[in-house]
file query-v8.cif (mmCIF, C-alpha atoms and all ligand atoms)
data_my_file
#
loop_
_atom_site.label_atom_id
_atom_site.label_comp_id
_atom_site.auth_asym_id
_atom_site.auth_seq_id
_atom_site.Cartn_x
_atom_site.Cartn_y
_atom_site.Cartn_z
CA MET A 1 -119.92 30.18 -36.73
CA LYS A 2 -119.99 28.45 -40.07
CA THR A 3 -119.11 30.00 -43.41
CA LEU A 4 -122.28 31.10 -45.17
CA SER A 5 -122.73 30.40 -48.85
CA PRO A 6 -124.39 32.91 -51.17
CA GLY A 7 -128.12 32.37 -50.94
CA ALA A 8 -128.02 32.17 -47.13
CA THR A 9 -130.31 34.39 -45.06
CA ILE A 10 -129.15 37.05 -42.63
CA GLY A 11 -131.47 38.38 -39.92
CA ILE A 12 -131.11 41.99 -38.84
CA LEU A 13 -132.58 43.29 -35.58
CA GLY A 14 -133.50 46.89 -36.36
CA GLY A 15 -134.65 48.34 -39.65
CA GLY A 16 -133.18 51.85 -39.70
CA GLN A 17 -130.76 53.23 -42.25
CA LEU A 18 -127.91 51.09 -40.94
CA GLY A 19 -130.00 47.95 -41.47
CA ARG A 20 -130.93 49.22 -44.92
CA MET A 21 -127.32 49.72 -45.97
CA LEU A 22 -126.37 46.34 -44.47
CA ALA A 23 -129.13 44.68 -46.49
CA MET A 24 -127.90 46.41 -49.64
CA ALA A 25 -124.35 45.15 -49.04
CA ALA A 26 -125.63 41.65 -48.21
CA SER A 27 -127.60 41.52 -51.42
CA ARG A 28 -124.49 42.45 -53.43
CA LEU A 29 -122.86 39.25 -52.13
CA GLY A 30 -125.90 37.09 -52.89
CA PHE A 31 -127.43 36.95 -49.40
CA SER A 32 -131.01 37.77 -48.46
CA CYS A 33 -132.03 39.64 -45.35
CA ILE A 34 -135.00 39.48 -43.02
CA ILE A 35 -135.56 42.55 -40.87
CA LEU A 36 -137.25 42.59 -37.47
CA ASP A 37 -138.50 46.04 -36.50
CA PRO A 38 -141.66 47.38 -34.83
CA ASP A 39 -142.18 49.95 -37.61
CA GLU A 40 -143.64 48.48 -40.79
CA ASN A 41 -142.37 51.51 -42.74
CA CYS A 42 -138.79 51.23 -41.51
CA PRO A 43 -136.06 52.03 -44.09
CA ALA A 44 -134.58 48.52 -44.20
CA GLY A 45 -137.91 46.72 -44.44
CA LYS A 46 -138.56 48.34 -47.79
CA ILE A 47 -135.60 46.71 -49.47
CA ALA A 48 -135.10 43.42 -47.62
CA ARG A 49 -136.48 40.06 -48.75
CA ALA A 50 -138.91 40.04 -45.84
CA MET A 51 -139.77 41.96 -42.77
CA ILE A 52 -141.19 40.83 -39.46
CA CYS A 53 -143.07 43.72 -37.92
CA ALA A 54 -142.97 43.16 -34.16
CA ASP A 55 -141.47 44.39 -30.93
CA TYR A 56 -137.95 43.22 -30.20
CA ASP A 57 -139.10 41.14 -27.24
CA ASP A 58 -141.94 39.40 -29.11
CA GLU A 59 -140.99 35.74 -28.73
CA THR A 60 -143.15 34.50 -31.60
CA ALA A 61 -141.44 36.97 -33.91
CA LEU A 62 -137.97 36.13 -32.58
CA ALA A 63 -138.66 32.40 -33.05
CA ALA A 64 -139.73 33.05 -36.65
CA LEU A 65 -136.58 35.08 -37.30
CA SER A 66 -134.41 32.40 -35.71
CA ALA A 67 -136.03 29.64 -37.79
CA GLN A 68 -135.45 31.45 -41.09
CA CYS A 69 -131.95 32.92 -40.63
CA ASP A 70 -128.47 31.43 -40.84
CA VAL A 71 -127.00 34.25 -38.74
CA ILE A 72 -128.55 37.18 -36.90
CA THR A 73 -126.95 40.58 -36.47
CA TYR A 74 -127.98 43.98 -35.06
CA GLU A 75 -128.03 47.51 -36.38
CA PHE A 76 -128.43 49.20 -32.98
CA GLU A 77 -126.91 48.51 -29.59
CA ASN A 78 -130.02 48.73 -27.46
CA VAL A 79 -131.40 45.35 -28.45
CA PRO A 80 -133.08 44.04 -25.25
CA ALA A 81 -130.95 41.49 -23.41
CA HIS A 82 -134.00 39.25 -23.25
CA ALA A 83 -134.23 39.11 -27.06
CA VAL A 84 -130.58 38.15 -27.31
CA ALA A 85 -130.97 35.44 -24.66
CA PHE A 86 -134.06 34.09 -26.43
CA LEU A 87 -132.26 33.87 -29.79
CA GLN A 88 -129.26 32.17 -28.20
CA ALA A 89 -131.52 29.63 -26.50
CA ALA A 90 -133.20 29.02 -29.86
CA GLY A 91 -129.78 28.09 -31.26
CA SER A 92 -129.28 31.12 -33.51
CA ALA A 93 -125.78 32.17 -34.50
CA LEU A 94 -125.40 35.79 -33.32
CA ALA A 95 -122.73 38.24 -34.40
CA PRO A 96 -121.30 40.53 -33.08
CA PRO A 97 -121.06 38.67 -29.77
CA PRO A 98 -123.77 39.47 -27.20
CA LYS A 99 -121.02 40.36 -24.70
CA ALA A 100 -120.09 43.42 -26.80
CA LEU A 101 -123.73 44.44 -26.96
CA ALA A 102 -124.16 44.10 -23.18
CA ILE A 103 -121.05 46.14 -22.38
CA SER A 104 -121.88 48.92 -24.81
CA GLN A 105 -125.45 49.23 -23.47
CA ASP A 106 -124.18 50.57 -20.17
CA ARG A 107 -121.77 53.52 -20.08
CA LEU A 108 -120.41 52.48 -16.68
CA HIS A 109 -119.68 48.91 -17.81
CA GLU A 110 -118.20 50.25 -21.03
CA LYS A 111 -115.82 52.62 -19.24
CA ASN A 112 -114.87 49.97 -16.64
CA PHE A 113 -114.16 47.50 -19.45
CA LEU A 114 -111.98 50.02 -21.30
CA GLN A 115 -110.04 50.90 -18.14
CA ASP A 116 -109.57 47.19 -17.34
CA ILE A 117 -107.90 46.58 -20.69
CA GLY A 118 -105.71 49.65 -20.30
CA VAL A 119 -107.53 52.05 -22.64
CA SER A 120 -107.84 55.69 -21.52
CA THR A 121 -111.25 57.31 -21.16
CA ALA A 122 -112.52 60.56 -19.69
CA PRO A 123 -112.46 60.38 -15.88
CA TYR A 124 -115.84 59.21 -14.58
CA GLN A 125 -117.83 58.38 -11.47
CA PRO A 126 -121.10 56.47 -11.06
CA VAL A 127 -124.02 58.63 -9.93
CA ASN A 128 -127.24 57.20 -8.48
CA ASN A 129 -128.56 60.19 -6.54
CA GLU A 130 -127.94 63.85 -5.87
CA SER A 131 -125.44 63.21 -3.11
CA ASP A 132 -123.38 60.90 -5.40
CA LEU A 133 -123.44 63.75 -7.90
CA GLN A 134 -122.14 66.17 -5.29
CA ASN A 135 -119.25 63.78 -4.48
CA ALA A 136 -118.54 63.12 -8.16
CA ILE A 137 -118.32 66.85 -8.85
CA GLU A 138 -115.86 67.21 -6.00
CA ALA A 139 -113.75 64.39 -7.44
CA LEU A 140 -113.86 65.42 -11.11
CA GLY A 141 -114.37 69.19 -11.00
CA LEU A 142 -116.54 71.28 -13.32
CA PRO A 143 -117.63 71.56 -16.05
CA ALA A 144 -118.68 67.93 -16.31
CA LEU A 145 -121.18 65.89 -18.29
CA LEU A 146 -123.86 63.86 -16.60
CA LYS A 147 -125.08 60.98 -18.77
CA THR A 148 -127.61 58.22 -18.18
CA ARG A 149 -125.84 54.85 -18.09
CA ARG A 150 -128.31 53.29 -20.52
CA LEU A 151 -130.35 54.29 -23.57
CA GLY A 152 -128.58 57.53 -24.42
CA TYR A 153 -127.73 58.31 -28.04
CA ASP A 154 -127.07 61.34 -30.22
CA GLY A 155 -126.57 63.50 -27.11
CA LYS A 156 -129.88 62.42 -25.54
CA GLY A 157 -129.90 61.63 -21.80
CA GLN A 158 -127.05 64.08 -21.17
CA ALA A 159 -126.68 67.29 -19.17
CA LEU A 160 -123.71 69.63 -19.09
CA ILE A 161 -123.14 70.88 -15.54
CA LYS A 162 -121.20 74.11 -15.66
CA ASN A 163 -121.34 75.17 -12.02
CA LYS A 164 -122.73 73.99 -8.69
CA ASN A 165 -126.04 75.77 -9.30
CA GLY A 166 -126.64 73.32 -12.14
CA LEU A 167 -126.40 70.25 -9.93
CA ALA A 168 -130.10 69.78 -9.04
CA LYS A 169 -131.25 70.57 -12.58
CA GLY A 170 -128.68 68.16 -14.03
CA TRP A 171 -129.79 65.33 -11.77
CA LYS A 172 -133.45 66.07 -12.55
CA ALA A 173 -132.70 65.71 -16.28
CA MET A 174 -131.60 62.10 -15.65
CA GLN A 175 -135.16 61.32 -14.42
CA GLY A 176 -133.89 59.12 -11.61
CA MET A 177 -131.91 56.84 -13.93
CA SER A 178 -128.53 55.43 -12.93
CA SER A 179 -125.96 57.74 -14.48
CA ILE A 180 -122.30 58.58 -14.70
CA LEU A 181 -120.55 61.90 -14.41
CA GLU A 182 -117.74 62.41 -16.90
CA GLY A 183 -115.05 65.04 -16.66
CA PHE A 184 -115.47 67.50 -19.55
CA ILE A 185 -112.70 66.93 -22.08
CA ASP A 186 -111.53 70.07 -23.80
CA PHE A 187 -110.47 68.04 -26.82
CA ALA A 188 -108.79 69.38 -29.96
CA PHE A 189 -110.99 67.21 -32.18
CA GLU A 190 -112.82 63.91 -32.39
CA ILE A 191 -112.00 60.94 -34.58
CA SER A 192 -113.45 57.48 -35.03
CA VAL A 193 -111.98 54.24 -36.21
CA ILE A 194 -114.20 51.75 -38.00
CA THR A 195 -112.74 48.32 -37.30
CA VAL A 196 -113.75 44.97 -38.69
CA ARG A 197 -112.71 41.71 -37.05
CA GLY A 198 -113.18 38.38 -38.79
CA LYS A 199 -114.01 34.98 -37.43
CA ASP A 200 -110.33 34.05 -37.63
CA GLY A 201 -109.44 36.87 -35.20
CA ASN A 202 -107.82 39.09 -37.80
CA SER A 203 -108.81 42.75 -37.79
CA LYS A 204 -108.63 45.57 -40.31
CA THR A 205 -109.29 49.24 -39.72
CA TYR A 206 -110.42 52.04 -41.98
CA HIS A 207 -108.56 55.32 -41.92
CA PRO A 208 -109.80 57.42 -38.97
CA ALA A 209 -112.39 60.08 -39.81
CA ARG A 210 -112.56 63.46 -38.09
CA ASN A 211 -116.09 63.92 -36.76
CA LEU A 212 -117.90 67.20 -36.24
CA HIS A 213 -120.95 67.17 -33.99
CA ALA A 214 -123.63 69.74 -33.30
CA GLY A 215 -126.12 69.31 -30.48
CA GLY A 216 -124.66 65.84 -29.79
CA ILE A 217 -125.47 64.65 -33.35
CA LEU A 218 -122.83 63.80 -35.97
CA ARG A 219 -122.92 66.41 -38.75
CA ARG A 220 -119.83 65.67 -40.80
CA SER A 221 -117.05 63.09 -41.12
CA ILE A 222 -113.86 64.14 -42.88
CA VAL A 223 -111.15 61.81 -44.19
CA PRO A 224 -108.28 62.19 -43.63
CA SER A 225 -108.75 63.54 -40.14
CA GLY A 226 -105.65 65.73 -39.99
CA ALA A 227 -104.33 63.67 -37.06
CA SER A 228 -100.60 62.90 -37.08
CA PRO A 229 -99.38 59.51 -38.34
CA GLU A 230 -98.52 58.60 -34.72
CA ILE A 231 -102.06 59.34 -33.50
CA ILE A 232 -103.55 57.46 -36.44
CA ALA A 233 -101.39 54.41 -35.75
CA GLU A 234 -102.21 54.50 -32.03
CA ALA A 235 -105.96 54.90 -32.62
CA ARG A 236 -105.94 51.95 -35.02
CA SER A 237 -104.03 49.81 -32.57
CA ILE A 238 -106.36 50.72 -29.65
CA ALA A 239 -109.33 49.84 -31.87
CA ILE A 240 -107.89 46.40 -32.59
CA LYS A 241 -107.09 45.90 -28.90
CA ILE A 242 -110.76 46.55 -28.04
CA ALA A 243 -112.01 44.24 -30.80
CA ASP A 244 -109.67 41.48 -29.61
CA ALA A 245 -110.70 41.90 -25.96
CA LEU A 246 -114.35 41.52 -26.98
CA ASP A 247 -113.53 38.47 -29.13
CA TYR A 248 -115.45 40.45 -31.68
CA VAL A 249 -116.86 39.45 -35.07
CA GLY A 250 -118.17 42.19 -37.36
CA VAL A 251 -117.77 45.96 -37.58
CA LEU A 252 -117.08 47.95 -34.44
CA GLY A 253 -117.17 51.77 -34.43
CA ILE A 254 -114.87 53.42 -31.88
CA GLU A 255 -115.05 57.13 -31.06
CA PHE A 256 -112.03 58.97 -29.67
CA PHE A 257 -111.25 62.38 -28.28
CA VAL A 258 -107.86 63.75 -29.35
CA SER A 259 -106.50 66.10 -26.72
CA LYS A 260 -104.55 69.24 -27.55
CA ASP A 261 -101.31 67.46 -26.67
CA GLY A 262 -102.14 64.50 -28.90
CA ALA A 263 -103.39 62.02 -26.27
CA LEU A 264 -106.22 59.66 -27.19
CA MET A 265 -109.22 58.82 -25.03
CA VAL A 266 -112.02 56.50 -26.09
CA ASN A 267 -115.43 58.16 -25.73
CA GLU A 268 -117.47 55.09 -26.59
CA PHE A 269 -117.76 52.17 -28.95
CA ALA A 270 -120.71 50.96 -30.99
CA PRO A 271 -120.97 47.20 -31.69
CA ARG A 272 -122.29 47.81 -35.19
CA VAL A 273 -121.72 49.72 -38.39
CA HIS A 274 -121.35 53.40 -37.63
CA ASN A 275 -122.56 56.71 -39.06
CA SER A 276 -118.97 57.99 -39.20
CA GLY A 277 -118.16 55.11 -41.58
CA HIS A 278 -120.75 55.86 -44.26
CA TRP A 279 -118.03 57.42 -46.41
CA THR A 280 -116.50 53.95 -46.88
CA VAL A 281 -119.27 53.16 -49.39
CA GLU A 282 -118.03 55.76 -51.85
CA ALA A 283 -114.35 56.18 -50.93
CA CYS A 284 -113.30 52.52 -50.46
CA GLY A 285 -113.53 49.42 -52.61
CA ILE A 286 -115.20 47.50 -49.79
CA SER A 287 -117.48 49.44 -47.44
CA GLN A 288 -118.01 49.00 -43.69
CA PHE A 289 -121.38 47.42 -44.54
CA GLU A 290 -119.90 44.80 -46.85
CA ASN A 291 -117.12 44.06 -44.39
CA HIS A 292 -119.66 43.55 -41.59
CA ILE A 293 -121.54 41.06 -43.79
CA ARG A 294 -118.28 39.36 -44.79
CA ALA A 295 -117.24 39.03 -41.13
CA ILE A 296 -120.53 37.60 -39.86
CA ALA A 297 -120.68 35.24 -42.84
CA ALA A 298 -117.16 34.06 -41.91
CA TRP A 299 -115.84 35.22 -45.29
CA PRO A 300 -112.42 36.76 -45.85
CA LEU A 301 -112.45 40.44 -44.95
CA GLY A 302 -112.23 42.97 -47.76
CA ASP A 303 -109.60 45.64 -48.22
CA THR A 304 -110.20 48.72 -46.04
CA ALA A 305 -107.92 51.04 -48.03
CA ARG A 306 -109.53 54.15 -49.51
CA HIS A 307 -109.14 55.29 -53.10
CA SER A 308 -110.22 58.87 -52.34
CA ASN A 309 -110.33 61.42 -49.60
CA CYS A 310 -113.81 62.63 -48.79
CA GLU A 311 -116.26 64.48 -46.67
CA MET A 312 -119.58 62.96 -45.59
CA GLU A 313 -122.37 65.26 -44.48
CA ASN A 314 -125.47 64.00 -42.68
CA LEU A 315 -128.81 65.29 -43.91
CA ILE A 316 -130.71 65.93 -40.71
CA GLY A 317 -134.37 66.94 -40.51
CA GLU A 318 -135.16 69.53 -43.13
CA ASP A 319 -131.67 69.28 -44.74
CA ALA A 320 -133.11 66.44 -46.78
CA ALA A 321 -135.61 68.77 -48.44
CA ASN A 322 -132.58 70.07 -50.33
CA TRP A 323 -132.38 66.83 -52.33
CA PRO A 324 -133.09 68.41 -55.74
CA ALA A 325 -130.05 70.68 -55.42
CA LEU A 326 -127.90 67.85 -54.07
CA ALA A 327 -129.02 65.54 -56.86
CA ALA A 328 -127.99 68.23 -59.36
CA GLU A 329 -124.64 68.98 -57.72
CA PRO A 330 -121.75 67.50 -59.70
CA GLY A 331 -119.80 65.03 -57.57
CA ALA A 332 -122.29 64.95 -54.70
CA LEU A 333 -123.01 61.27 -53.96
CA LEU A 334 -126.43 61.24 -52.37
CA THR A 335 -128.00 58.54 -50.19
CA LEU A 336 -131.55 58.92 -48.89
CA TYR A 337 -133.00 56.53 -46.34
CA GLY A 338 -136.60 56.50 -47.58
CA LYS A 339 -138.04 57.85 -44.32
CA ARG A 340 -141.50 59.23 -44.92
CA HIS A 341 -141.57 61.77 -42.12
CA GLN A 342 -139.02 64.46 -41.45
CA ARG A 343 -138.48 65.43 -37.82
CA PRO A 344 -135.94 67.83 -36.34
CA GLY A 345 -132.83 65.84 -35.45
CA ARG A 346 -133.88 62.81 -37.54
CA LYS A 347 -131.21 61.42 -39.87
CA MET A 348 -132.82 61.39 -43.33
CA GLY A 349 -129.83 60.72 -45.57
CA HIS A 350 -126.25 61.74 -46.22
CA VAL A 351 -124.10 63.07 -49.01
CA THR A 352 -120.46 62.20 -49.68
CA ARG A 353 -118.12 64.35 -51.73
CA LEU A 354 -114.92 62.70 -52.91
CA LYS A 355 -111.55 64.47 -53.16
CA PRO A 356 -108.32 63.28 -54.71
CA LEU A 357 -106.15 61.20 -52.37
P1 LIG A 401 -121.85 60.56 -26.61
O1 LIG A 401 -123.34 60.40 -26.61
O2 LIG A 401 -121.22 60.10 -25.36
O3 LIG A 401 -121.21 59.98 -27.84
O4 LIG A 401 -121.58 62.14 -26.72
C1 LIG A 401 -121.95 62.88 -27.86
C2 LIG A 401 -120.94 63.99 -28.10
O5 LIG A 401 -120.88 64.85 -26.93
C3 LIG A 401 -119.50 63.53 -28.29
O6 LIG A 401 -119.25 63.13 -29.60
C4 LIG A 401 -118.73 64.78 -27.88
O7 LIG A 401 -118.76 65.74 -28.92
C5 LIG A 401 -119.54 65.30 -26.71
N1 LIG A 401 -119.02 64.71 -25.45
C6 LIG A 401 -119.38 63.53 -24.90
N2 LIG A 401 -118.69 63.29 -23.77
C7 LIG A 401 -117.86 64.33 -23.58
C8 LIG A 401 -116.89 64.67 -22.57
N3 LIG A 401 -116.64 63.87 -21.53
N4 LIG A 401 -116.21 65.84 -22.72
C9 LIG A 401 -116.48 66.67 -23.77
N5 LIG A 401 -117.38 66.41 -24.73
C10 LIG A 401 -118.07 65.25 -24.66
#

call {"tool": "encode", "arguments": {"input": "query-v8.cif", "output": "structure tokens", "more": "lines below"}}
Ligand code: AMP
result
Amino acid sequence: MKTLSPGATIGILGGGQLGRMLAMAASRLGFSCIILDPDENCPAGKIARAMICADYDDETALAALSAQCDVITYEFENVPAHAVAFLQAAGSALAPPPKALAISQDRLHEKNFLQDIGVSTAPYQPVNNESDLQNAIEALGLPALLKTRRLGYDGKGQALIKNKNGLAKGWKAMQGMSSILEGFIDFAFEISVITVRGKDGNSKTYHPARNLHAGGILRRSIVPSGASPEIIAEARSIAIKIADALDYVGVLGIEFFVSKDGALMVNEFAPRVHNSGHWTVEACGISQFENHIRAIAAWPLGDTARHSNCEMENLIGEDAANWPALAAEPGALLTLYGKRHQRPGRKMGHVTRLKPL
């Protein structure tokens, strides 16, 4: 990867709010962005220099993106493997590394990878049919969570199995897809560490945020998390260990469960900027978005220290209709993603409220 000069062009696969905030950060440093997304009204397309409206596996579109961009990055982890292979064959510089994308696309590979490098996770078993599920329940006990290996996000593709009567229904919910059963972790709370690793192999982490979910969707991120200094230090060091093992370049979001006795387990990692790091825009000098751009441009990483404590609240579905009150609220720092249609469960924006450090 070569160092990009201001004026260079960055390609982003995916034009959602993460792509939009990446493009905003890129433009601050003098870069332009080209977005590839199948939706011509996608949030990032509206603010980028150009947008290619096409499916992610459209080779003509990928070739055009490759020809015009100095580096290509992603804003979601489910980029088809074929698209990545095509871009690599076309000679594009890709960051984060495709290996991280491939591992994170499959919950079984992700958990195996974490175990192999000595990072604790919830206990798990692969499940490919109802009889595997029966055996997995015997091994892990109940309650347990059945999750599809691929294409699950925001709690989708998951079923909580509370007792043996729920077995058939749980398996049916997976619609025949390869899955894993995870032991249910009765955690005290959840935190995430936003990590950025540069081309030179150096990493920095933001302070862990405490994350509150409802219905599998992130509702709020609170900084500081209330975790002890020991837990914070351990979470940051596990995050760097994962980034190093992936030979990572860019921002990596890592979600942890904190058990009641203070043990850490990694739930999952996202090879991209992360919703639980949106607060870094308002509470840090250099945000997760700018640090991702800096890393993939092979620039020096920016400081991850925060100047304020804060609470970030997602505006989901009809929450966003409250924008006039939020815009009038003193100290409420409002970001709206420019999505034209509200749907239940759809992330429409977020609001960050700063507090003294
Ligand atoms: P995921 O899609 O795996 O990130 O799961 C979404 C949310 O479901 C997590 O942030 C947790 O709140 C909850 N969850 C996921 N896996 C488990 C588990 N093994 N035990 C308890 N809660 C879980």

call {"tool": "residues_near_ligand", "arguments": {"input": "query-v8.cif", "ligand": "ligand LIG 401 (chain A)", "cutoff": "7 Å", "atoms": "only C-alpha atoms and all ligand atoms", "output": "PyMOL selection string"}}
result
chain A and resi 122+144-145+152-156+182-187+213+216-217+267-268

call {"tool": "closest_residue", "arguments": {"input": "query-v8.cif", "among": "A:Glu255, A:Glu290, A:Glu230, A:Glu130", "to": "Lys164 (chain A)", "atoms": "only C-alpha atoms"}}
result
A:Glu130

call {"tool": "closest_residue", "arguments": {"input": "query-v8.cif", "among": "A:Val196, A:Ala270, A:Ala173, A:Ala67", "to": "Gly11 (chain A)", "atoms": "all atoms listed in the file"}}
result
A:Ala67

call {"tool": "axis_aligned_box", "arguments": {"input": "query-v8.cif", "around": "region 251-257 of chain A", "padding_each_side": "4 Å", "output": "AutoDock Vina command-line options"}}
result
--center_x -114.5 --center_y 54.2 --center_z -32.9 --size_x 14.5 --size_y 24.4 --size_z 17.3

call {"tool": "closest_residue", "arguments": {"input": "query-v8.cif", "among": "A:Leu114, A:Val351, A:Glu138, A:Ala327", "to": "Ala239 (chain A)", "atoms": "only C-alpha atoms"}}
result
A:Leu114

call {"tool": "closest_residue", "arguments": {"input": "query-v8.cif", "among": "A:Asp200, A:Asn129, A:Arg219, A:Thr3", "to": "Gly176 (chain A)", "atoms": "only C-alpha atoms"}}
result
A:Asn129

call {"tool": "residues_around", "arguments": {"input": "query-v8.cif", "residues": "Gly166 (chain A)", "least_positions_apart": "4", "cutoff": "12 Å", "atoms": "all atoms listed in the file", "output": "count of residues only"}}
result
17

call {"tool": "closest_residue", "arguments": {"input": "query-v8.cif", "among": "A:Leu36, A:Leu252, A:Ala48, A:Ala8", "to": "Leu22 (chain A)", "atoms": "only C-alpha atoms"}}
result
A:Ala48

call {"tool": "closest_residue", "arguments": {"input": "query-v8.cif", "among": "A:Asn314, A:Lys260, A:Gly338, A:His350", "to": "Leu212 (chain A)", "atoms": "only C-alpha atoms"}}
result
A:Asn314

call {"tool": "residues_around", "arguments": {"input": "query-v8.cif", "residues": "region 106-109 of chain A", "least_positions_apart": "6", "cutoff": "12 Å", "atoms": "all atoms listed in the file", "output": "ChimeraX atom specification"}}
result
/A:77-78,81,99-100,115-116,121-128,146-153,157-158,177-182,266-270

call {"tool": "atom_distance", "arguments": {"input": "query-v8.cif", "atom1": "CA of Ser192 (chain A)", "atom2": "CA of Ala283 (chain A)"}}
result
16.0 Å

call {"tool": "residues_around", "arguments": {"input": "query-v8.cif", "residues": "Ile240 (chain A)", "least_positions_apart": "2", "cutoff": "8 Å", "atoms": "all atoms listed in the file", "output": "list in words"}}
result
Thr195, Ser203, Lys204, Thr205, Arg236, Ser237, Ile238, Ile242, Ala243 and Asp244 of chain A

call {"tool": "residues_around", "arguments": {"input": "query-v8.cif", "residues": "Pro330 (chain A)", "least_positions_apart": "6", "cutoff": "12 Å", "atoms": "all atoms listed in the file", "output": "ChimeraX atom specification"}}
result
/A:351-354

call {"tool": "write_last_selection", "arguments": {"input": "query-v8.cif", "atoms": "C-alpha atoms", "output": "compact mmCIF listing (two decimals), in the frame of the given file"}}
result
# COMPACT_ATOMS: atom_id res chain seq x y z
CA VAL A 351 -124.10 63.07 -49.01
CA THR A 352 -120.46 62.20 -49.68
CA ARG A 353 -118.12 64.35 -51.73
CA LEU A 354 -114.92 62.70 -52.91

call {"tool": "atom_distance", "arguments": {"input": "query-v8.cif", "atom1": "CA of Pro356 (chain A)", "atom2": "CA of Ser221 (chain A)"}}
result
16.2 Å
